[in-house]
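*Asks:* Starting off with a structure, shown below.
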Amino acid sequence: MRRRATFLLNRLPEILCFALPLAYCAFFAAPARELKPDQAFLGFLHTDQVVYYALAREAFESGNGLVYASPYSNEPASPRIYSHFGFLVMGCIWKATHLPLPWLDYLLRAVVGAAMMLLLVRLFRAALPKGAPAAFGAAAVIALSGIAWLIAGIQFLQDSFLMGAGPPNMEAFLLAFKRVESGYGEWYLNVFGNLTFVHELLFHVLFFGAMLALVRGRAWIATLILFLTWWSHPYTGLQLGLIAGAFLFLEVILGRRAWVLPLLACAFINFIALAYYLLFLPRFPEHASVYEQMRQFSHPMLFSKLLPAYGLFLALPLFFAGAPDFRRLLKESPAARLMLGWLVITAALMFHDRILFFMKPFQPMHFTRGYLFVPLVYFSICALGWLRDRWNLSPGKYAILLAIPFLLQLPDNLIRTAMLRDEVRNREYLYWIPRADLDLLKKIDAVEPTLTIHAVGNGELERMIPVLTHHRAVFGHLYNTPFKAEKTRLVSEFDENLDMQSLRAMKAEALLLPASELEKLRANLGPNECKIVFQQGHLFFVKITFKD
């Protein structure tokens with residue numbers, strides 16, 4: 001019996017790898033049973049997910065399965081300049097299975113989420129020094145988070161008892177929790193939170209797969225994965241490229257590995273990828289516009305948020321860094337050297353807006369996403385082993401020491417997940433959509449050829465056009481729509497006056513508009529033509545033909 005319990009404890013991380021993604025998906029799918037008959041389940045938890053599936057579809061609708069145009073461009077001749085491995089994978093599965101997007105999204109999050117966590121478990125089992133509790137470290141890195149709940153609880157009690165804010169209640173505590181996490185909560189600085197996003201899971205699989213390959217000494221496999229990572233996501237590609245390049249260079253300089261050719265290949269891949277993202281794509285005005293709009297969404301990481309985000313996993317490595325055992329570990333273990341380079345480079349990227357203070361930041365929070373969390377947990381596990389030896393702890397006391405981070409840093413993920421479900425379950429055009437609108441979009445999807453459509457006075461419905469149909473939208477996304485300021489002005493002018501000049505400038509070829517607006521549109525047509533394609537309820541779908 002004791003042997004069986006030991007086996008189950010050692011294999012707990014692998015069990016969690018499958019159980020956590022399944023439980024996460026089931027937890028968010030469950031409220032679908034509470035939807036009303038006139039509501040259809042979409043299941044999206046974040047507006048970014050909507051973008052992912054628009055891009056995945058576009059690879060096979062405007063593209064050739066390899067390169068494609070932006071789904072948020074309303075230019076019929078928008079150049080095919082994009083290619084992203086992750087979206088191509090998602091698009092291939094969608095095209096091959098014809099699964100409804102909610103089913104596809106939850107299936108991918110469960111499967112790819114399990115793959116990401118399994119890679120981390122294998123990474124920790126391979127990288128931790130002999131005698132370290134690898135099972136504990138692996139379970140910690142896939143399940144734990146920070147101590148925002150503890151800091152929020154202290155603030156909450158201070159407000160209640162010292163500041164006279166009123167009797168303690170759960171609503172006040174959750175407000176304090178959100179206040180502590182403000183600025184980083186939705187960026188998911190731990191690994192577990194990435195279960196919300198399929199695309200993030202895909203390039204996390206690549207990133208952690210490359211790290212595992214480097215730990216096992218398979219530099220060429222890591223280099224191939226680096227290429228796929230750059231192809232999937234520029235931020236993660238840059239991050240992995242710097243970490244892998246620095247590690248390969250260090251091992252060559254130290255004379256530990258004959259990795260000159262993989263190092264050169266890594267440098268070449270980094271150069272080509274940077275040329276594509278920084279030199280080739282900005283030549284196109286639409287991309288340059290979107291790029292600048294994204295740069296406005298800076299979201300810096302604040303030093304004051306590090307403690308609530310990482311808790312003991314921030315403190316333990318700092319204490320361990322001054323110990324002789326830390327220097328001995330770096331000297332003897334290539335994995336430890338990789339982890340240190342991973343930590344230092346990721347921290348530098350997270351705070352590049354402070355280091356390169358003369359430059360506009362490149363969305364520093366994109367370099368978090370659990371990437372700093374992993375090496376911090378790694379060195380925390382090493383630190384706990386160092387404390388065990390230094391204090392000469394018995395097995396029982398050491399078990400209590402290991403349990404402290406679990407008890408202290410598990411609540412954040414539980415609270416954040418419960419709060420997210422409460423927030424999204426009532427979100428129209430995200431978690432659910434009116435069934436009549438879904439039926440309408442299905443009818444629009446059957447219309448050929450591909451058109452640029454504007455939904456008059458209904459921006460939420462218009463946002464779903466690139467996602468649930470093969471058509472384009474005039475204004476489909478706040479940041480991904482090229483020249484959004486100009487298009488915002490044109491949409492506002494047209495919706496107010498149904499002016500043909502604004503409509504022509506929007507390059508709209510079809511409209512969704514209420515019956516009450518149809519006669520006004522006809523009165524403003526002038527020499528142009530309006531053809532009713534179909535009517536559903538109070539909405540008309542009409543094609544517009546401009547006469548020169």
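Identifiers in the structure tokens: chain A, B, ... in order shown; residue index from 1 per chain; ligand index from 1 in order shown.
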As an NGL selection string, list the residues of region 283-401 of chain A assigned to helix (DSSP H, G or I) by DSSP on the backbone atoms of this structure.

*Replies:* :A and (283 or 285-296 or 303-310 or 312-320 or 324-332 or 334-350 or 352-355 or 364-367 or 373-391 or 395-401)

*Asks:* Within 10 Å of region 204-215 of chain A, counting only C-alpha atoms, which residues qualify if same-chain residues fewer than 6 places away don't, as a ChimeraX atom specification?

*Replies:* /A:86,112-127,191,194,198,221-230,232,236-237,239-241,243-244,247-248,333-339,342,369-371,374

*Asks:* Report the distance between CA of Ala110 (chain A) and CA of Leu408 (chain A) in Å, rounded to one decimal place.

*Replies:*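 For CA of Ala110 (chain A) relative to CA of Leu408 (chain A), the distance reads 26.4 Å.
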
*Asks:* Looking at A:Ala219, A:Ala77, A:Leu384, A:Leu250, which one is nearest to Ala315 (chain A), with distances taken over only C-alpha atoms?

*Replies:* A:Leu384

*Asks:* Of the candidates A:Ala515, A:Leu16, A:Ile465, A:Met506, which shows the shortest atom-to-atom distance to Pro71 (chain A), using only C-alpha atoms?

*Replies:*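 Smallest distance to Pro71 (chain A) is found for A:Ile465.
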
*Asks:* CA of Gly185 (chain A) and CA of Met170 (chain A), how far apart in Å?

*Replies:*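 Straight-line distance from CA of Met170 (chain A) to CA of Gly185 (chain A) works out to 18.7 Å.
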
*Asks:* If you count only C-alpha atoms, which residues fall within 12 Å of Leu150 (chain A), apart from same-chain ones fewer than 5 positions away, as a PyMOL selection string?

*Replies:* chain A and resi 145+155-157+173-174+176-177+180-181+307-312+407-412+415

*Asks:* Save the residues we just selected, N, CA, C and O atoms, as an mmCIF file, in the first residue's frame?

*Replies:*
```cif
data_model
loop_
_atom_site.group_PDB
_atom_site.id
_atom_site.type_symbol
_atom_site.label_atom_id
_atom_site.label_comp_id
_atom_site.auth_asym_id
_atom_site.auth_seq_id
_atom_site.Cartn_x
_atom_site.Cartn_y
_atom_site.Cartn_z
ATOM 1 N N SER A 145 0.563 29.684 -8.534
ATOM 2 C CA SER A 145 0.618 31.064 -9.027
ATOM 3 C C SER A 145 1.332 31.909 -7.982
ATOM 4 O O SER A 145 2.371 31.505 -7.473
ATOM 5 N N GLN A 155 -5.065 43.679 2.892
ATOM 6 C CA GLN A 155 -5.640 44.994 2.578
ATOM 7 C C GLN A 155 -7.121 45.040 2.896
ATOM 8 O O GLN A 155 -7.635 46.049 3.421
ATOM 9 N N PHE A 156 -7.795 43.962 2.595
ATOM 10 C CA PHE A 156 -9.236 43.858 2.829
ATOM 11 C C PHE A 156 -9.548 43.961 4.329
ATOM 12 O O PHE A 156 -10.467 44.664 4.755
ATOM 13 N N LEU A 157 -8.749 43.274 5.160
ATOM 14 C CA LEU A 157 -8.965 43.334 6.608
ATOM 15 C C LEU A 157 -8.608 44.717 7.154
ATOM 16 O O LEU A 157 -9.289 45.228 8.043
ATOM 17 N N PHE A 173 -13.665 41.444 -0.682
ATOM 18 C CA PHE A 173 -12.388 40.733 -0.844
ATOM 19 C C PHE A 173 -12.032 40.583 -2.321
ATOM 20 O O PHE A 173 -10.870 40.790 -2.712
ATOM 21 N N LEU A 174 -13.004 40.223 -3.162
ATOM 22 C CA LEU A 174 -12.726 40.038 -4.586
ATOM 23 C C LEU A 174 -12.332 41.348 -5.251
ATOM 24 O O LEU A 174 -11.492 41.371 -6.151
ATOM 25 N N ALA A 176 -10.688 43.703 -3.707
ATOM 26 C CA ALA A 176 -9.307 43.895 -3.280
ATOM 27 C C ALA A 176 -8.367 43.004 -4.090
ATOM 28 O O ALA A 176 -7.267 43.424 -4.468
ATOM 29 N N PHE A 177 -8.806 41.784 -4.385
ATOM 30 C CA PHE A 177 -7.994 40.855 -5.179
ATOM 31 C C PHE A 177 -7.760 41.414 -6.579
ATOM 32 O O PHE A 177 -6.633 41.385 -7.094
ATOM 33 N N VAL A 180 -5.236 44.258 -6.429
ATOM 34 C CA VAL A 180 -3.851 43.794 -6.297
ATOM 35 C C VAL A 180 -3.330 43.280 -7.633
ATOM 36 O O VAL A 180 -2.179 43.526 -8.010
ATOM 37 N N GLU A 181 -4.173 42.579 -8.390
ATOM 38 C CA GLU A 181 -3.749 41.993 -9.661
ATOM 39 C C GLU A 181 -3.853 42.968 -10.836
ATOM 40 O O GLU A 181 -3.493 42.599 -11.954
ATOM 41 N N LEU A 307 5.944 40.789 -6.391
ATOM 42 C CA LEU A 307 5.689 39.979 -5.198
ATOM 43 C C LEU A 307 4.315 39.314 -5.249
ATOM 44 O O LEU A 307 4.227 38.098 -5.034
ATOM 45 N N PRO A 308 3.220 40.044 -5.510
ATOM 46 C CA PRO A 308 1.931 39.335 -5.593
ATOM 47 C C PRO A 308 1.885 38.325 -6.727
ATOM 48 O O PRO A 308 1.198 37.304 -6.618
ATOM 49 N N ALA A 309 2.617 38.564 -7.811
ATOM 50 C CA ALA A 309 2.560 37.656 -8.951
ATOM 51 C C ALA A 309 3.353 36.377 -8.728
ATOM 52 O O ALA A 309 2.988 35.319 -9.253
ATOM 53 N N TYR A 310 4.452 36.456 -7.942
ATOM 54 C CA TYR A 310 5.344 35.292 -7.815
ATOM 55 C C TYR A 310 5.540 34.808 -6.382
ATOM 56 O O TYR A 310 5.960 33.666 -6.176
ATOM 57 N N GLY A 311 5.305 35.649 -5.390
ATOM 58 C CA GLY A 311 5.345 35.214 -4.005
ATOM 59 C C GLY A 311 6.664 34.621 -3.581
ATOM 60 O O GLY A 311 7.741 35.181 -3.828
ATOM 61 N N LEU A 312 6.604 33.443 -2.927
ATOM 62 C CA LEU A 312 7.810 32.777 -2.449
ATOM 63 C C LEU A 312 8.758 32.418 -3.584
ATOM 64 O O LEU A 312 9.971 32.322 -3.380
ATOM 65 N N LEU A 407 0.292 25.458 -0.244
ATOM 66 C CA LEU A 407 -0.809 26.042 0.519
ATOM 67 C C LEU A 407 -0.900 27.548 0.293
ATOM 68 O O LEU A 407 -1.996 28.117 0.284
ATOM 69 N N LEU A 408 0.251 28.177 0.118
ATOM 70 C CA LEU A 408 0.287 29.634 0.008
ATOM 71 C C LEU A 408 -0.039 30.118 -1.399
ATOM 72 O O LEU A 408 -0.633 31.196 -1.563
ATOM 73 N N GLN A 409 0.317 29.338 -2.432
ATOM 74 C CA GLN A 409 0.261 29.865 -3.795
ATOM 75 C C GLN A 409 -0.693 29.111 -4.715
ATOM 76 O O GLN A 409 -0.665 29.322 -5.933
ATOM 77 N N LEU A 410 -1.543 28.282 -4.149
ATOM 78 C CA LEU A 410 -2.600 27.651 -4.939
ATOM 79 C C LEU A 410 -3.853 28.517 -5.053
ATOM 80 O O LEU A 410 -4.505 28.520 -6.103
ATOM 81 N N PRO A 411 -4.242 29.276 -4.023
ATOM 82 C CA PRO A 411 -5.526 30.001 -4.096
ATOM 83 C C PRO A 411 -5.656 30.980 -5.254
ATOM 84 O O PRO A 411 -6.752 31.157 -5.784
ATOM 85 N N ASP A 412 -4.573 31.638 -5.678
ATOM 86 C CA ASP A 412 -4.681 32.653 -6.733
ATOM 87 C C ASP A 412 -5.337 32.099 -7.995
ATOM 88 O O ASP A 412 -6.249 32.722 -8.560
ATOM 89 N N ILE A 415 -9.108 31.352 -7.354
ATOM 90 C CA ILE A 415 -9.926 32.574 -7.266
ATOM 91 C C ILE A 415 -10.055 33.221 -8.644
ATOM 92 O O ILE A 415 -11.146 33.607 -9.069
#
```

*Asks:* List as a list of chain:residue names the protein and nucleic acid residues near Asn528 (chain A), meaning an atom at most 12 Å away when only C-alpha atoms are counted, but skip any in the same chain fewer than 4 places from it.

*Replies:*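 Within the cut-off, the hits are A:Asp499, A:Met500, A:Gln501, A:Leu503, A:Arg504, A:Glu509, A:Leu521, A:Arg522, A:Ala523, A:Asn524, A:Lys543, A:Ile544, A:Thr545, A:Phe546, A:Lys547, A:Asp548.
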
*Asks:* Write to file, as a short mmCIF file (atom, residue, chain, number, x, y, z; two decimals), in the first residue's frame, the residues of the selection just made, with N, CA, C and O atoms.

*Replies:*
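Generated output (part_8.cif):
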```cif
data_model
loop_
_atom_site.label_atom_id
_atom_site.label_comp_id
_atom_site.auth_asym_id
_atom_site.auth_seq_id
_atom_site.Cartn_x
_atom_site.Cartn_y
_atom_site.Cartn_z
N ASP A 499 -24.78 58.07 -45.26
CA ASP A 499 -24.25 58.85 -46.37
C ASP A 499 -23.44 57.96 -47.31
O ASP A 499 -22.55 57.21 -46.88
N MET A 500 -23.73 58.04 -48.61
CA MET A 500 -23.08 57.18 -49.61
C MET A 500 -21.60 57.47 -49.74
O MET A 500 -20.79 56.57 -50.00
N GLN A 501 -21.20 58.70 -49.54
CA GLN A 501 -19.78 59.04 -49.66
C GLN A 501 -18.98 58.33 -48.58
O GLN A 501 -17.89 57.81 -48.83
N LEU A 503 -19.92 55.58 -47.07
CA LEU A 503 -19.99 54.15 -47.36
C LEU A 503 -18.96 53.76 -48.41
O LEU A 503 -18.29 52.73 -48.30
N ARG A 504 -18.82 54.59 -49.43
CA ARG A 504 -17.83 54.30 -50.47
C ARG A 504 -16.41 54.36 -49.89
O ARG A 504 -15.57 53.52 -50.22
N GLU A 509 -19.27 46.63 -49.27
CA GLU A 509 -20.00 46.09 -50.42
C GLU A 509 -21.37 45.55 -50.03
O GLU A 509 -22.18 45.25 -50.90
N LEU A 521 -31.87 54.60 -46.40
CA LEU A 521 -30.76 54.22 -47.27
C LEU A 521 -31.14 54.40 -48.73
O LEU A 521 -30.36 54.95 -49.52
N ARG A 522 -32.33 53.94 -49.11
CA ARG A 522 -32.77 54.06 -50.50
C ARG A 522 -32.87 55.53 -50.92
O ARG A 522 -32.55 55.88 -52.06
N ALA A 523 -33.29 56.37 -50.00
CA ALA A 523 -33.43 57.79 -50.33
C ALA A 523 -32.08 58.45 -50.58
O ALA A 523 -31.99 59.44 -51.31
N ASN A 524 -31.01 57.85 -49.97
CA ASN A 524 -29.67 58.44 -50.10
C ASN A 524 -28.84 57.78 -51.20
O ASN A 524 -27.69 58.18 -51.41
N LYS A 543 -26.85 44.16 -50.74
CA LYS A 543 -25.61 44.43 -51.47
C LYS A 543 -25.70 45.82 -52.08
O LYS A 543 -26.76 46.22 -52.58
N ILE A 544 -24.57 46.52 -52.08
CA ILE A 544 -24.51 47.87 -52.63
C ILE A 544 -23.61 47.85 -53.87
O ILE A 544 -22.51 47.30 -53.84
N THR A 545 -24.10 48.44 -54.95
CA THR A 545 -23.30 48.60 -56.16
C THR A 545 -23.14 50.08 -56.43
O THR A 545 -24.14 50.80 -56.61
N PHE A 546 -21.90 50.54 -56.44
CA PHE A 546 -21.64 51.96 -56.68
C PHE A 546 -21.51 52.21 -58.19
O PHE A 546 -20.85 51.45 -58.90
N LYS A 547 -22.14 53.27 -58.64
CA LYS A 547 -22.08 53.67 -60.05
C LYS A 547 -21.14 54.88 -60.18
O LYS A 547 -21.35 55.91 -59.55
N ASP A 548 -20.11 54.72 -60.98
CA ASP A 548 -19.16 55.81 -61.15
C ASP A 548 -19.76 56.92 -61.99
O ASP A 548 -20.60 56.68 -62.85
#
```

*Asks:* Would you list the contacts of Leu274 (chain A) as an mmCIF file with N, CA, C and O atoms, in the first residue's frame, taking every protein, DNA or RNA residue within 9 Å and counting only C-alpha atoms, but skipping same-chain residues closer than 4 positions in sequence?

*Replies:*
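Output contents, as saved in around27.cif:
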```cif
data_model
loop_
_atom_site.group_PDB
_atom_site.id
_atom_site.type_symbol
_atom_site.label_atom_id
_atom_site.label_comp_id
_atom_site.auth_asym_id
_atom_site.auth_seq_id
_atom_site.Cartn_x
_atom_site.Cartn_y
_atom_site.Cartn_z
ATOM 1 N N TRP A 230 9.424 31.120 -33.941
ATOM 2 C CA TRP A 230 9.426 32.417 -34.635
ATOM 3 C C TRP A 230 8.258 32.477 -35.612
ATOM 4 O O TRP A 230 7.624 33.527 -35.779
ATOM 5 N N PRO A 234 6.072 36.344 -32.787
ATOM 6 C CA PRO A 234 7.336 37.096 -32.772
ATOM 7 C C PRO A 234 7.902 37.329 -31.380
ATOM 8 O O PRO A 234 9.123 37.276 -31.189
ATOM 9 N N LEU A 238 11.443 35.785 -30.373
ATOM 10 C CA LEU A 238 12.574 36.599 -29.926
ATOM 11 C C LEU A 238 13.100 36.096 -28.585
ATOM 12 O O LEU A 238 14.320 35.955 -28.388
ATOM 13 N N ILE A 269 18.478 31.950 -38.106
ATOM 14 C CA ILE A 269 17.008 31.961 -37.953
ATOM 15 C C ILE A 269 16.562 33.257 -37.300
ATOM 16 O O ILE A 269 15.578 33.885 -37.722
ATOM 17 N N ASN A 270 17.275 33.686 -36.269
ATOM 18 C CA ASN A 270 16.923 34.946 -35.606
ATOM 19 C C ASN A 270 17.010 36.118 -36.576
ATOM 20 O O ASN A 270 16.130 37.003 -36.595
ATOM 21 N N LEU A 278 10.537 43.066 -38.894
ATOM 22 C CA LEU A 278 10.920 44.470 -38.729
ATOM 23 C C LEU A 278 11.213 45.189 -40.035
ATOM 24 O O LEU A 278 11.171 46.425 -40.073
ATOM 25 N N LEU A 279 11.535 44.454 -41.087
ATOM 26 C CA LEU A 279 11.869 45.096 -42.359
ATOM 27 C C LEU A 279 10.839 44.825 -43.448
ATOM 28 O O LEU A 279 10.424 45.750 -44.162
#
```

*Asks:* For Thr368 (chain A), which residue out of A:Gly193, A:Gly217, A:Gly63, A:Gly43 is the nearest one, using only C-alpha atoms?

*Replies:*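 Smallest separation from Thr368 (chain A) among the options: A:Gly193.
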
*Asks:* Have a look at A:Met301, A:Leu512, A:Val424, A:Ala69 and name the one nearest to Pro31 (chain A); count only C-alpha atoms.

*Replies:*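 Of all the options, A:Val424 lies closest to Pro31 (chain A).
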
*Asks:* For Cys92 (chain A), work out the shell of residues within 8 Å, counting only C-alpha atoms and skipping chain neighbours fewer than 4 positions away, then give it as a ChimeraX atom specification.

*Replies:* /A:65,88,96

*Asks:* Between A:Ala399, A:Ala455, A:Ala473, A:Val290, which is the closest to Ala485 (chain A) once you count only C-alpha atoms?

*Replies:*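 Under the stated criterion, the closest residue is A:Val290.
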
*Asks:* What's the 12 Å shell around Ala323 (chain A), counting only C-alpha atoms, without same-chain residues fewer than 6 positions away, as a list in words?

*Replies:*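 These residues fall inside the cut-off: Leu316, Pro317, Leu329, Leu330, Cys382, Ala383, Trp386, Leu387 and Arg390 of chain A.
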
*Asks:* Find, counting only C-alpha atoms, the residue in A:Lys178, A:Glu75, A:Gln536, A:Ala403 that gets nearest to Ala508 (chain A).

*Replies:*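 Checking each of A:Lys178, A:Glu75, A:Gln536, A:Ala403 against Ala508 (chain A), counting only C-alpha atoms, the winner is A:Glu75.
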
*Asks:* CA of Val542 (chain A) and CA of Ala56 (chain A) are how many Å apart?

*Replies:* 27.2 Å
